[in-house]
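S.K.: protein_19.txt is the file, holding compact mmCIF, C-alpha atoms:
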# COMPACT_ATOMS: atom_id res chain seq x y z
CA MET A 165 16.40 -11.11 -4.12
CA ILE A 166 19.61 -9.13 -3.82
CA PRO A 167 20.98 -6.82 -6.51
CA SER A 168 24.53 -7.32 -7.65
CA ALA A 169 26.97 -4.87 -6.10
CA PHE A 170 27.32 -1.36 -7.52
CA ASN A 171 28.83 1.98 -6.66
CA TYR A 172 26.26 4.47 -5.49
CA VAL A 173 26.39 8.23 -5.83
CA ALA A 174 23.67 10.71 -4.91
CA PRO A 175 24.50 14.06 -6.53
CA ARG A 176 22.64 17.15 -5.31
CA SER A 177 22.80 19.12 -8.54
CA LEU A 178 22.41 18.46 -12.23
CA GLU A 179 25.99 19.54 -12.89
CA GLU A 180 27.27 17.14 -10.28
CA ALA A 181 25.13 14.35 -11.78
CA LEU A 182 26.59 14.99 -15.23
CA ALA A 183 30.09 14.89 -13.76
CA CYS A 184 29.28 11.52 -12.16
CA LEU A 185 28.04 10.19 -15.49
CA GLY A 186 31.11 11.58 -17.21
CA ARG A 187 33.40 9.63 -14.91
CA CYS A 188 31.71 6.32 -15.83
CA GLU A 189 32.51 4.16 -18.83
CA PRO A 190 29.66 4.69 -21.31
CA GLY A 191 26.86 2.20 -20.71
CA THR A 192 27.98 1.18 -17.22
CA ALA A 193 25.95 3.70 -15.23
CA ALA A 194 22.22 3.76 -14.56
CA LEU A 195 20.19 6.75 -13.42
CA LEU A 196 17.88 6.10 -10.47
CA ALA A 197 14.80 8.30 -10.04
CA GLY A 198 11.88 6.74 -8.11
CA GLY A 199 13.26 3.29 -8.81
CA MET A 200 9.90 1.59 -9.32
CA SER A 201 11.16 -0.12 -12.48
CA LEU A 202 14.91 -0.02 -11.91
CA VAL A 203 15.08 -1.45 -8.38
CA PRO A 204 13.01 -4.54 -9.32
CA ALA A 205 15.24 -4.91 -12.41
CA LEU A 206 18.34 -4.68 -10.18
CA LYS A 207 16.91 -7.33 -7.87
CA LEU A 208 16.29 -9.69 -10.78
CA ARG A 209 19.77 -8.75 -12.05
CA PHE A 210 18.28 -7.82 -15.40
CA ALA A 211 20.15 -4.58 -14.76
CA ARG A 212 23.71 -4.78 -13.42
CA PRO A 213 25.12 -1.27 -13.59
CA ALA A 214 28.59 -0.65 -12.21
CA THR A 215 27.41 2.72 -10.90
CA LEU A 216 24.00 3.86 -9.80
CA VAL A 217 23.56 7.62 -10.03
CA ASP A 218 20.64 8.48 -7.76
CA ILE A 219 19.18 11.70 -9.14
CA GLY A 220 16.31 11.56 -6.64
CA ARG A 221 17.82 14.30 -4.48
CA ILE A 222 18.20 16.92 -7.19
CA ALA A 223 15.70 19.62 -6.27
CA ALA A 224 15.85 21.22 -9.73
CA LEU A 225 14.16 18.14 -11.22
CA ARG A 226 11.05 18.57 -9.07
CA GLY A 227 8.03 20.75 -9.49
CA ILE A 228 5.38 21.71 -12.01
CA GLU A 229 5.60 25.20 -13.38
CA ALA A 230 3.29 27.13 -15.68
CA ASN A 231 5.22 29.59 -17.84
CA ALA A 232 4.83 31.70 -20.95
CA GLY A 233 5.24 28.73 -23.28
CA GLY A 234 2.90 26.35 -21.48
CA ILE A 235 3.72 24.02 -18.65
CA HIS A 236 6.93 22.36 -17.48
CA ILE A 237 6.83 19.16 -15.44
CA GLY A 238 10.07 18.17 -13.70
CA ALA A 239 11.37 14.68 -14.36
CA LEU A 240 11.03 13.72 -10.69
CA VAL A 241 7.36 14.67 -10.36
CA THR A 242 5.63 11.53 -9.15
CA HIS A 243 2.48 9.90 -10.50
CA ALA A 244 0.82 10.74 -7.17
CA GLU A 245 1.71 14.41 -7.58
CA LEU A 246 0.31 14.42 -11.12
CA LEU A 247 -2.91 12.96 -9.75
CA GLY A 248 -3.66 16.01 -7.68
CA ALA A 249 -1.64 18.87 -9.14
CA PRO A 250 -3.63 22.14 -9.16
CA GLN A 251 -1.45 23.43 -12.03
CA LEU A 252 -2.88 20.63 -14.18
CA ALA A 253 -6.54 21.25 -13.33
CA ASP A 254 -7.21 22.28 -16.96
CA ARG A 255 -5.55 19.09 -18.23
CA PRO A 256 -7.60 16.30 -16.64
CA VAL A 257 -5.85 13.71 -18.80
CA PHE A 258 -2.91 13.82 -16.38
CA ALA A 259 -4.93 12.82 -13.32
CA GLU A 260 -6.89 10.33 -15.40
CA THR A 261 -3.66 8.63 -16.48
CA ALA A 262 -1.87 8.81 -13.12
CA ARG A 263 -4.87 7.18 -11.45
CA VAL A 264 -4.55 4.00 -13.52
CA ILE A 265 -0.81 3.51 -13.08
CA ALA A 266 0.16 0.64 -10.78
CA ASP A 267 -1.01 1.17 -7.18
CA PRO A 268 -0.83 3.93 -4.54
CA GLN A 269 2.56 2.92 -3.14
CA VAL A 270 4.15 2.78 -6.57
CA ARG A 271 2.51 6.09 -7.55
CA ASN A 272 4.08 7.68 -4.47
CA ARG A 273 7.57 6.88 -5.75
CA GLY A 274 7.39 6.42 -9.52
CA THR A 275 8.08 9.47 -11.66
CA LEU A 276 6.99 10.84 -15.02
CA GLY A 277 10.60 11.23 -16.12
CA GLY A 278 11.52 7.74 -15.02
CA SER A 279 8.60 6.26 -16.92
CA LEU A 280 9.48 8.07 -20.13
CA ALA A 281 13.22 7.38 -19.86
CA TYR A 282 12.67 3.69 -19.11
CA ALA A 283 10.38 3.48 -22.18
CA HIS A 284 8.63 0.27 -21.26
CA PRO A 285 6.48 -0.66 -24.28
CA ALA A 286 3.37 -0.91 -22.08
CA ALA A 287 3.93 2.18 -19.92
CA ASP A 288 1.12 4.73 -19.81
CA TRP A 289 2.79 8.14 -20.01
CA PRO A 290 4.29 7.62 -23.48
CA ALA A 291 0.78 7.64 -25.01
CA VAL A 292 -0.10 10.93 -23.29
CA PHE A 293 3.29 12.45 -24.10
CA LEU A 294 2.74 11.63 -27.79
CA ALA A 295 -0.89 12.72 -28.02
CA LEU A 296 -0.26 16.08 -26.34
CA GLY A 297 2.82 16.67 -28.48
CA GLY A 298 5.16 17.19 -25.54
CA GLU A 299 8.85 17.86 -25.65
CA ALA A 300 11.51 16.11 -23.59
CA GLU A 301 14.10 18.42 -22.05
CA LEU A 302 17.55 16.85 -22.00
CA PHE A 303 20.70 18.18 -20.36
CA GLY A 304 24.19 16.98 -21.12
CA PRO A 305 27.80 18.06 -21.50
CA ARG A 306 26.88 19.98 -24.66
CA GLY A 307 24.10 21.85 -22.89
CA ALA A 308 20.33 21.60 -23.03
CA ARG A 309 18.28 20.35 -25.93
CA ALA A 310 14.66 19.45 -26.53
CA VAL A 311 13.35 16.37 -28.33
CA ALA A 312 9.80 16.18 -29.65
CA ALA A 313 7.72 13.31 -28.32
CA GLU A 314 7.53 11.66 -31.71
CA ASP A 315 11.33 11.54 -31.98
CA PHE A 316 11.85 10.46 -28.38
CA PHE A 317 11.08 6.73 -28.48
CA THR A 318 13.60 4.96 -30.68
CA GLY A 319 13.09 1.29 -29.93
CA ILE A 320 11.98 -1.15 -27.29
CA PHE A 321 13.28 0.41 -24.05
CA GLY A 322 15.11 2.87 -26.29
CA THR A 323 15.00 6.66 -26.25
CA ALA A 324 16.82 9.62 -27.74
CA ILE A 325 18.52 10.31 -24.39
CA GLY A 326 22.29 10.08 -24.85
CA ALA A 327 24.39 8.00 -22.44
CA ASP A 328 25.84 11.23 -21.07
CA GLU A 329 22.50 13.06 -20.85
CA ILE A 330 19.76 13.37 -18.24
CA LEU A 331 16.05 13.86 -18.87
CA THR A 332 15.29 16.93 -16.75
CA GLY A 333 11.61 17.35 -17.52
CA VAL A 334 8.94 17.56 -20.15
CA ARG A 335 7.01 20.52 -21.44
CA PHE A 336 3.66 20.91 -23.07
CA ALA A 337 2.25 23.89 -24.95
CA HIS A 338 -0.78 25.77 -23.65
CA VAL A 339 -4.04 23.88 -24.00
CA PRO A 340 -5.52 24.97 -27.36
CA VAL A 341 -8.92 26.66 -27.39
CA ASN A 342 -11.80 24.17 -27.71
CA ALA A 343 -9.54 21.24 -27.00
CA GLY A 344 -10.00 18.15 -24.90
CA SER A 345 -7.87 15.13 -24.19
CA ALA A 346 -8.33 11.76 -22.52
CA TYR A 347 -6.64 8.43 -21.82
CA SER A 348 -8.28 5.02 -21.96
CA LYS A 349 -6.54 1.83 -20.98
CA MET A 350 -7.04 -1.89 -20.60
CA ARG A 351 -4.97 -3.03 -17.65
CA GLN A 352 -3.10 -6.29 -17.58
CA GLN A 353 -4.67 -7.62 -14.41
CA ALA A 354 -1.53 -8.75 -12.59
CA SER A 355 0.96 -6.06 -13.52
CA GLY A 356 -1.37 -3.12 -14.10
CA MET A 357 0.56 -2.26 -17.26
CA ALA A 358 -1.36 -1.36 -20.42
CA LEU A 359 -2.45 -4.24 -22.62
CA VAL A 360 -3.52 -1.30 -24.75
CA GLY A 361 -3.50 2.37 -23.84
CA VAL A 362 -4.73 5.21 -26.02
CA ALA A 363 -4.43 8.93 -25.38
CA ALA A 364 -6.29 11.33 -27.64
CA GLN A 365 -6.51 15.06 -28.06
CA LEU A 366 -9.15 16.75 -30.17
CA VAL A 367 -9.25 20.42 -31.13
CA LEU A 368 -12.55 21.71 -32.51
CA ASP A 369 -13.05 24.66 -34.85
CA ALA A 370 -15.65 27.40 -34.34
CA ALA A 371 -18.26 25.36 -36.21
CA GLY A 372 -17.64 22.36 -33.99
CA ALA A 373 -15.86 20.20 -36.57
CA ILE A 374 -12.54 18.53 -35.75
CA ARG A 375 -9.71 20.92 -36.59
CA ALA A 376 -6.96 18.62 -35.34
CA ALA A 377 -6.69 15.20 -33.76
CA SER A 378 -3.70 13.52 -32.20
CA VAL A 379 -3.66 9.98 -30.89
CA GLY A 380 -0.86 8.27 -28.96
CA VAL A 381 -0.82 4.50 -28.50
CA THR A 382 1.07 2.35 -25.99
CA GLY A 383 1.12 -1.37 -25.29
CA VAL A 384 0.48 -2.37 -28.89
CA ASN A 385 3.71 -2.05 -30.86
CA ALA A 386 7.23 -2.52 -29.54
CA VAL A 387 7.48 1.28 -29.56
CA PRO A 388 4.67 3.72 -28.66
CA PHE A 389 3.42 5.61 -31.69
CA ARG A 390 1.15 8.30 -33.10
CA ALA A 391 -1.84 6.85 -34.95
CA ARG A 392 -1.42 9.15 -37.94
CA SER A 393 -3.87 7.21 -40.13
CA LEU A 394 -6.68 7.71 -37.64
CA GLU A 395 -5.70 11.34 -37.05
CA ALA A 396 -5.86 12.08 -40.79
CA ARG A 397 -9.31 10.51 -41.02
CA LEU A 398 -10.58 12.58 -38.12
CA GLN A 399 -9.23 15.91 -39.29
CA GLY A 400 -12.05 17.96 -40.76
CA SER A 401 -14.66 15.40 -39.86
CA ALA A 402 -17.82 16.10 -37.94
CA SER A 403 -17.36 15.85 -34.21
CA ASP A 404 -20.12 13.51 -33.22
CA PRO A 405 -19.76 10.12 -31.60
CA ALA A 406 -20.90 8.32 -34.74
CA ALA A 407 -18.17 9.95 -36.82
CA LEU A 408 -15.57 9.00 -34.21
CA SER A 409 -16.74 5.39 -34.18
CA ALA A 410 -16.71 5.24 -37.97
CA ALA A 411 -13.16 6.59 -38.08
CA CYS A 412 -11.98 4.05 -35.50
CA ALA A 413 -13.70 1.18 -37.31
CA LEU A 414 -11.46 1.73 -40.33
CA GLY A 415 -8.48 0.70 -38.24
CA ILE A 416 -5.08 2.09 -37.40
CA THR A 417 -2.59 1.12 -40.09
CA GLU A 418 0.45 1.90 -37.92
CA ALA A 419 -0.51 -0.90 -35.52
CA ASP A 420 1.85 -3.87 -35.60
CA PRO A 421 0.60 -5.57 -32.47
CA LEU A 422 2.66 -7.78 -30.23
CA GLY A 423 1.15 -11.07 -29.18
CA ASP A 424 2.12 -12.60 -25.87
CA ARG A 425 0.65 -14.78 -23.15
CA HIS A 426 -1.44 -11.86 -21.88
CA ALA A 427 -3.11 -10.99 -25.17
CA SER A 428 -2.88 -12.22 -28.74
CA ALA A 429 -2.05 -9.76 -31.49
CA ASP A 430 -5.65 -9.97 -32.75
CA TYR A 431 -7.06 -9.23 -29.31
CA ARG A 432 -4.75 -6.25 -28.90
CA LEU A 433 -5.91 -4.94 -32.27
CA HIS A 434 -9.52 -5.29 -31.15
CA LEU A 435 -8.80 -3.51 -27.87
CA LEU A 436 -7.02 -0.75 -29.75
CA GLY A 437 -10.22 0.12 -31.61
CA VAL A 438 -12.29 -0.02 -28.44
CA HIS A 439 -9.98 2.21 -26.41
CA ALA A 440 -9.31 4.63 -29.25
CA GLY A 441 -13.07 5.09 -29.44
CA ARG A 442 -13.39 5.66 -25.70
CA ALA A 443 -10.47 8.07 -25.50
CA LEU A 444 -11.80 10.07 -28.46
CA ALA A 445 -15.35 10.19 -27.09
CA ARG A 446 -14.15 11.51 -23.75
CA ALA A 447 -11.75 13.96 -25.41
CA LEU A 448 -14.68 15.25 -27.46
CA ALA A 449 -16.86 15.69 -24.38
CA ARG A 450 -14.08 17.70 -22.75
CA ALA A 451 -13.47 19.77 -25.87
CA ARG A 452 -17.15 20.70 -25.85
CA GLY A 453 -16.80 21.80 -22.27
CA SER A 454 -18.68 19.03 -20.62
CA ALA A 455 -16.49 17.43 -18.02
CA GLY A 456 -16.06 13.97 -19.42
CA ASP A 457 -14.99 13.05 -15.92
CA GLY A 458 -16.00 10.07 -13.90
CA ALA A 459 -16.18 8.00 -17.04
CA ASP A 460 -14.94 4.46 -17.24
CA TYR A 461 -11.37 5.52 -17.03
CA ASN A 462 -10.20 1.99 -16.75
CA ASP A 463 -10.94 -1.65 -17.34
CA MET B 150 28.20 3.93 2.98
CA LYS B 151 26.90 5.67 6.05
CA ILE B 152 23.23 6.57 6.33
CA ALA B 153 21.31 8.49 8.98
CA LEU B 154 17.55 8.36 9.19
CA ARG B 155 14.69 8.40 11.67
CA VAL B 156 12.82 5.14 12.17
CA ASN B 157 9.70 5.23 14.34
CA SER B 158 10.85 8.56 15.83
CA GLN B 159 14.29 7.23 16.77
CA ASP B 160 17.49 8.46 15.14
CA VAL B 161 19.37 5.63 13.48
CA GLU B 162 22.82 5.65 11.93
CA ALA B 163 24.24 2.69 10.07
CA GLU B 164 26.93 1.62 7.65
CA VAL B 165 25.24 -0.18 4.75
CA GLU B 166 26.09 -1.63 1.38
CA PRO B 167 24.42 0.45 -1.36
CA ARG B 168 22.61 -2.63 -2.64
CA LEU B 169 20.92 -3.34 0.72
CA LEU B 170 17.15 -3.10 0.34
CA LEU B 171 15.23 -0.97 2.82
CA VAL B 172 13.12 -3.95 3.89
CA HIS B 173 16.22 -5.98 4.71
CA PHE B 174 17.68 -3.04 6.62
CA LEU B 175 14.50 -2.75 8.71
CA ARG B 176 14.10 -6.46 9.35
CA GLU B 177 17.64 -7.71 9.66
CA ARG B 178 19.60 -4.75 10.95
CA LEU B 179 16.96 -3.06 13.11
CA ARG B 180 15.07 -6.29 13.86
CA LEU B 181 11.77 -4.62 12.97
CA THR B 182 10.27 -7.81 11.62
CA GLY B 183 6.70 -6.54 11.53
CA THR B 184 7.38 -5.38 7.97
CA HIS B 185 6.99 -8.53 5.91
CA ILE B 186 8.47 -9.74 2.66
CA GLY B 187 5.74 -11.39 0.61
CA CYS B 188 6.20 -11.41 -3.14
CA ASP B 189 9.48 -9.48 -3.21
CA THR B 190 8.41 -8.09 -6.61
CA SER B 191 6.52 -4.95 -5.48
CA GLN B 192 3.10 -6.53 -6.08
CA CYS B 193 1.81 -7.66 -2.69
CA GLY B 194 2.36 -4.67 -0.40
CA ALA B 195 3.22 -6.71 2.71
CA CYS B 196 6.40 -4.63 3.01
CA THR B 197 4.57 -1.27 3.04
CA VAL B 198 6.07 1.37 5.33
CA HIS B 199 5.82 5.16 5.36
CA LEU B 200 8.69 7.22 4.00
CA ASP B 201 8.27 10.88 4.91
CA GLY B 202 4.57 10.19 5.41
CA ARG B 203 3.92 8.40 2.13
CA ALA B 204 3.23 4.68 1.83
CA VAL B 205 5.96 2.89 -0.12
CA LYS B 206 6.98 -0.69 -0.79
CA SER B 207 10.21 -1.19 1.13
CA CYS B 208 11.22 -4.19 -1.00
CA SER B 209 11.61 -1.81 -3.94
CA LEU B 210 13.74 0.83 -2.26
CA LEU B 211 17.38 0.80 -1.37
CA ALA B 212 18.22 1.68 2.21
CA VAL B 213 20.51 4.43 0.88
CA GLN B 214 17.50 6.07 -0.78
CA ALA B 215 16.03 6.55 2.70
CA ASP B 216 19.11 8.40 3.95
CA GLY B 217 17.90 11.56 5.70
CA CYS B 218 14.25 10.44 5.65
CA ALA B 219 11.72 9.54 8.32
CA ILE B 220 10.40 5.97 8.23
CA THR B 221 7.39 4.65 10.10
CA THR B 222 6.85 0.91 10.30
CA ILE B 223 3.97 -1.02 11.83
CA GLU B 224 5.92 -1.08 15.10
CA GLY B 225 5.70 2.71 15.18
CA LEU B 226 1.90 2.92 15.33
CA ALA B 227 1.01 1.67 18.81
CA ALA B 228 1.79 4.17 21.55
CA ASP B 229 2.60 3.12 25.13
CA GLY B 230 1.28 -0.37 24.54
CA VAL B 231 -2.07 0.87 23.24
CA LEU B 232 -2.98 -0.26 19.74
CA HIS B 233 -3.47 2.39 17.09
CA PRO B 234 -7.21 2.74 16.29
CA LEU B 235 -6.62 1.03 12.94
CA GLN B 236 -4.89 -1.90 14.63
CA ALA B 237 -7.70 -2.13 17.19
CA ALA B 238 -10.30 -2.08 14.42
CA PHE B 239 -8.50 -4.86 12.51
CA HIS B 240 -8.56 -6.87 15.72
CA GLU B 241 -12.23 -6.22 16.46
CA HIS B 242 -13.44 -6.86 12.93
CA HIS B 243 -11.41 -10.00 12.37
CA ALA B 244 -9.70 -8.36 9.44
CA LEU B 245 -7.02 -11.01 9.27
CA GLN B 246 -6.66 -14.72 9.19
CA CYS B 247 -3.02 -15.63 8.73
CA GLY B 248 -1.95 -12.05 9.37
CA PHE B 249 0.87 -11.96 6.87
CA CYS B 250 -0.52 -9.05 4.84
CA THR B 251 -1.81 -7.16 7.88
CA PRO B 252 1.11 -4.78 8.56
CA GLY B 253 1.05 -3.64 4.95
CA MET B 254 -2.73 -3.30 4.96
CA VAL B 255 -2.63 -1.17 8.09
CA MET B 256 0.13 1.07 6.73
CA ALA B 257 -1.69 1.55 3.42
CA ALA B 258 -4.94 2.35 5.25
CA HIS B 259 -3.08 4.72 7.55
CA GLU B 260 -1.89 6.78 4.61
CA LEU B 261 -5.43 6.88 3.18
CA LEU B 262 -6.93 8.17 6.42
CA GLY B 263 -4.21 10.79 6.70
CA ARG B 264 -5.09 12.19 3.28
CA THR B 265 -8.80 11.36 3.11
CA PRO B 266 -10.33 11.31 6.58
CA MET B 267 -13.80 10.44 5.23
CA PRO B 268 -13.27 7.84 2.53
CA ASP B 269 -16.17 6.01 0.95
CA GLU B 270 -15.95 2.29 0.33
CA ALA B 271 -14.66 2.73 -3.22
CA GLN B 272 -11.85 4.95 -1.96
CA ILE B 273 -10.94 2.42 0.71
CA ARG B 274 -10.79 -0.37 -1.85
CA ALA B 275 -8.78 1.78 -4.27
CA ALA B 276 -6.29 2.58 -1.50
CA LEU B 277 -5.72 -1.13 -0.98
CA GLU B 278 -5.01 -1.78 -4.64
CA GLY B 279 -1.33 -2.35 -3.89
CA ASN B 280 -1.95 -4.85 -1.10
CA ARG B 281 -2.83 -8.50 -1.54
CA CYS B 282 -4.64 -10.62 1.03
CA ARG B 283 -5.01 -14.29 0.15
CA CYS B 284 -7.22 -15.23 3.12
CA THR B 285 -10.02 -12.81 3.80
CA GLY B 286 -11.54 -11.68 0.53
CA TYR B 287 -10.92 -8.13 1.80
CA GLN B 288 -14.42 -7.58 3.21
CA ASN B 289 -13.43 -7.50 6.86
CA ILE B 290 -10.40 -5.39 6.07
CA VAL B 291 -12.64 -2.79 4.43
CA ASP B 292 -15.05 -3.04 7.38
CA ALA B 293 -12.21 -2.48 9.84
CA ILE B 294 -10.95 0.59 8.02
CA ARG B 295 -14.48 2.01 7.88
CA ALA B 296 -14.90 1.36 11.59
CA ALA B 297 -11.60 3.05 12.38
CA CYS B 298 -12.50 6.19 10.48
CA GLU B 299 -16.04 6.24 11.85
CA ARG B 300 -14.59 6.13 15.35
CA ALA B 301 -12.36 9.05 14.43
CA GLY B 302 -15.45 10.95 13.25
CA GLY B 303 -14.83 10.35 9.54
CA CYS B 304 -16.23 8.07 6.85
CA THR B 305 -19.25 8.64 4.67
Could I get this structure in the form of C-alpha cells?

M.R.:
Amino acid sequence: MIPSAFNYVAPRSLEEALACLGRCEPGTAALLAGGMSLVPALKLRFARPATLVDIGRIAALRGIEANAGGIHIGALVTHAELLGAPQLADRPVFAETARVIADPQVRNRGTLGGSLAYAHPAADWPAVFLALGGEAELFGPRGARAVAAEDFFTGIFGTAIGADEILTGVRFAHVPVNAGSAYSKMRQQASGMALVGVAAQLVLDAAGAIRAASVGVTGVNAVPFRARSLEARLQGSASDPAALSAACALGITEADPLGDRHASADYRLHLLGVHAGRALARALARARGSAGDGADYND
Amino acid sequence: MKIALRVNSQDVEAEVEPRLLLVHFLRERLRLTGTHIGCDTSQCGACTVHLDGRAVKSCSLLAVQADGCAITTIEGLAADGVLHPLQAAFHEHHALQCGFCTPGMVMAAHELLGRTPMPDEAQIRAALEGNRCRCTGYQNIVDAIRAACERAGGCT
C-alpha cells in the first residue's frame, strides 16, 4: 500500500515547525511523530495531507523532566521509554500502561504525544491522562498554553489542539501523599486496542478513608471521559475492596457505550465495571504502600 | 529528497520520494529482500528491522524518517558467511517451516537479547508479541531463542 504523494518537511526546532505549519493552508498539513497511527492511515489513504511536518527530529520534544511543579513528559517520549523511565518509578501506572500498548516494535516508535493528539477512542493514554489530571502543553503562534485533560478531548479523534498549534508535552502534578494509581484494560485481541480501559487514582486520608478518587475511561464512549458518578460515590467512602466493588456495582452514568463487531454495548458496559473494579483495587493497594505490581495488568 | 543513512554498516545515499516506505526502499532500491512484507498493516512483524538499535516495523516507517539513522536488516547479522548464533539456533531447532516470518522473528529476538541477555520464557514470548508465525505454533521459535541465549551464557 502506497500513500498518496505529499510534501515532506523535517524541522529541527519548534519555531521552525510552527513556521512550516503557518505556510500551509489550514487543515492540509499533518504532524508526524512516531507515525504508528499516521503512517498506516497514510497507506490506507484515510489521511491525505498535502504536507507532512515530521516533528520527530525536534530534540526539545524529547525527555522526561522532574521539576518544581511535578513532572514533564515530552510529546516525543515513546511508550518504550515510559516503560522503563527511572523518573517515573514512583508512578507505576505509566509502565503498567505502556506495557499493554500494541507490541514491542510499535512501542519503540509510538509516542505519548502522538497517542493523545491522535485521540483514538480506544487508545490507552487518554484514560491515564484523565485520571491523573494531567495538562497538555500546547505551543502556537500566540505562544504557549496549557489545557487540562478534561478539556482536551473534544470529539472522536478531536482535541483542543488548534490547527496552528503543536502538542509539546504533558505535565502531571507531584504524586499526592497516600496516593496510588493503576490501569486495567481488556485488549481487542487483533489490534491490541482497548475494548475497555480504566485508569484510577485514589488518595487516602490519614484515617485510611478515600479522600479523592479520579477515574478515566477509554474505549467505551466516542470520547474518553472522567467517571464523575463513580468518583463522587467513592469520595469519603471506606477504602476496602468491598466498598470499591459496591461503588462499581452501581454503575457509571457517564457511560454511553459504543457497540461494534468486537463488543456489543452491553458487553462493554459489563467490562467497564470489571476493569473499574480492578483498577481501583490495584490503585488502593498502591496507595496503602503495598506494591500492587505483578497483578493481572491485562486480559 | 535526498537521504543518507547506514544500512548494515554501509553508507547509503539515495534520492527518494517522501512517500516511499522504508521496507520498499530496503527491498526494491537496495535489493535487501530478506526483510519481508507480510500483512502490510503493522501487525505481523515480518518487516522488522533495527533502526538505531531498536526493532521497528519497516512497513510503517517512511524511508525519509530513517535519514541519518543506522539500519540493520537480517542480511546484516551473519558475519563472513557464518550465521549469527540466533540464525544458527533457528536452523538447529527447526524454528521455521515456510520461513516467511523468520527474518522478523530473528530481528525481534535480537533486540530482546541485546536488552535482556537472560530472558525467561515469558519474556521471550512477550518480545515476540509483534510477530506472527502461521506455521509453527511458536514453540520451536521460543526454543531456538532460549538455545541461542544459553549458548551465549544467558537465559534463566

S.K.: Go ahead and find all residues with at least one atom no further than 8 Å from (14.4, -0.8, -5.8) in the file's coordinates, using only C-alpha atoms; report them as a list in words.

M.R.: Gly199, Met200, Ser201, Leu202, Val203, Pro204, Ala205, Leu206 and Lys207 of chain A; Leu170, Cys208, Ser209, Leu210 and Leu211 of chain B

S.K.: With chain B as the partner and 9 Å as the cut-off, tabulate the residues of chain A that qualify, each row holding the nearest pair of atoms and their distance in Å to one decimal, using only C-alpha atoms, sorted by chain and rising number, as a tab-separated table.

M.R.:
residue	atom	partner	partner_atom	distance
A:Met165	CA	B:Asp189	CA	7.2
A:Ile166	CA	B:Arg168	CA	7.3
A:Pro167	CA	B:Arg168	CA	5.9
A:Ser168	CA	B:Arg168	CA	7.1
A:Ala169	CA	B:Arg168	CA	6.0
A:Phe170	CA	B:Arg168	CA	6.9
A:Asn171	CA	B:Pro167	CA	7.1
A:Tyr172	CA	B:Pro167	CA	6.1
A:Ala174	CA	B:Gln214	CA	8.8
A:Gly198	CA	B:Leu210	CA	8.5
A:Gly199	CA	B:Leu210	CA	7.0
A:Met200	CA	B:Ser209	CA	6.6
A:Ser201	CA	B:Ser209	CA	8.7
A:Leu202	CA	B:Ser209	CA	8.8
A:Val203	CA	B:Ser209	CA	5.6
A:Pro204	CA	B:Ser209	CA	6.2
A:Leu206	CA	B:Arg168	CA	8.9
A:Lys207	CA	B:Ser209	CA	8.6
A:Asp218	CA	B:Gln214	CA	8.0
A:Gly220	CA	B:Gln214	CA	8.1
A:Ala266	CA	B:Gly279	CA	7.7
A:Asp267	CA	B:Gly279	CA	4.8
A:Pro268	CA	B:Gly279	CA	6.3
A:Gln269	CA	B:Val205	CA	4.5
A:Val270	CA	B:Val205	CA	6.7
A:Arg271	CA	B:Val205	CA	8.8
A:Asn272	CA	B:Arg203	CA	6.6
A:Arg273	CA	B:Val205	CA	7.1
A:Ala354	CA	B:Gln192	CA	8.3
A:Ser355	CA	B:Gln192	CA	7.8

S.K.: Give me, as number ranges by chain, all polymer residues having an atom no more than 9 Å from region 430-441 of chain A, counting only C-alpha atoms and skipping those fewer than 3 positions away in the same chain.

M.R.: A: 347-350, 359-364, 379, 381, 383-384, 405, 408-409, 411-416, 419-423, 427, 444-446

S.K.: Please provide as an MDAnalysis selection string all residues within 10 Å of region 240-244 of chain A, with the sequence filter that same-chain residues fewer than 6 positions apart are discarded (counting all atoms listed in the file).

M.R.: chainID A and resid 197:198 219:228 258:259 261:279 289 331:333

S.K.: Calculated over all atoms listed in the file, which of the candidates B:Leu181, B:Cys247, B:Cys218, B:Val255 has the smallest distance to Leu235 (chain B)?

M.R.: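 Of all the options, B:Val255 lies closest to Leu235 (chain B).
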
S.K.: The residues within 12 Å of (-16.2, -6.1, 17.2), using all atoms listed in the file and the coordinates of the file, should be reported as a list in words; which are they?

M.R.: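 Residues close enough to count: Ala237, Ala238, Phe239, His240, Glu241, His242, His243, Ala244, Asn289, Asp292, Ala293, Ala296 and Ala297 of chain B.
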
S.K.: Report, in Å to a single decimal, how far apart CA of Gln352 (chain A) and CA of Arg255 (chain A) are.

M.R.: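 Value for the CA of Arg255 (chain A)-CA of Gln352 (chain A) distance: 25.5 Å.
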
S.K.: Record the distance separating CA of Ala324 (chain A) and CA of Val311 (chain A), expressed in Å with one decimal.

M.R.: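 CA of Val311 (chain A) lies 7.6 Å from CA of Ala324 (chain A).
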
S.K.: What gap, in Å, lies between CA of Arg392 (chain A) and CA of Gly356 (chain A)?

M.R.: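 So the two atoms, CA of Arg392 (chain A) and CA of Gly356 (chain A), lie 26.8 Å apart.
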
S.K.: Could you check which of A:Ser393, A:Ser428, A:Gln399, A:Asn385 is closest to His284 (chain A), using all atoms listed in the file?

M.R.: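 Of A:Ser393, A:Ser428, A:Gln399, A:Asn385, the one nearest His284 (chain A), counting all atoms listed in the file, is A:Asn385.
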
S.K.: May I have the residues within 10 Å of Glu299 (chain B) as number ranges by chain, using all atoms listed in the file and disregarding those fewer than 6 positions away in the same chain?

M.R.: B: 266-268, 293, 305

S.K.: Keeping C-alpha atoms, export the residues of the selection given above as a PDB file, in the frame of the given file.

M.R.:
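Result saved to selection_2.pdb:
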ATOM      1  CA  PRO B 266     -10.330  11.310   6.580  1.00  0.00           C
ATOM      2  CA  MET B 267     -13.800  10.440   5.230  1.00  0.00           C
ATOM      3  CA  PRO B 268     -13.270   7.840   2.530  1.00  0.00           C
ATOM      4  CA  ALA B 293     -12.210  -2.480   9.840  1.00  0.00           C
ATOM      5  CA  THR B 305     -19.250   8.640   4.670  1.00  0.00           C
TER       6      THR B 305
END
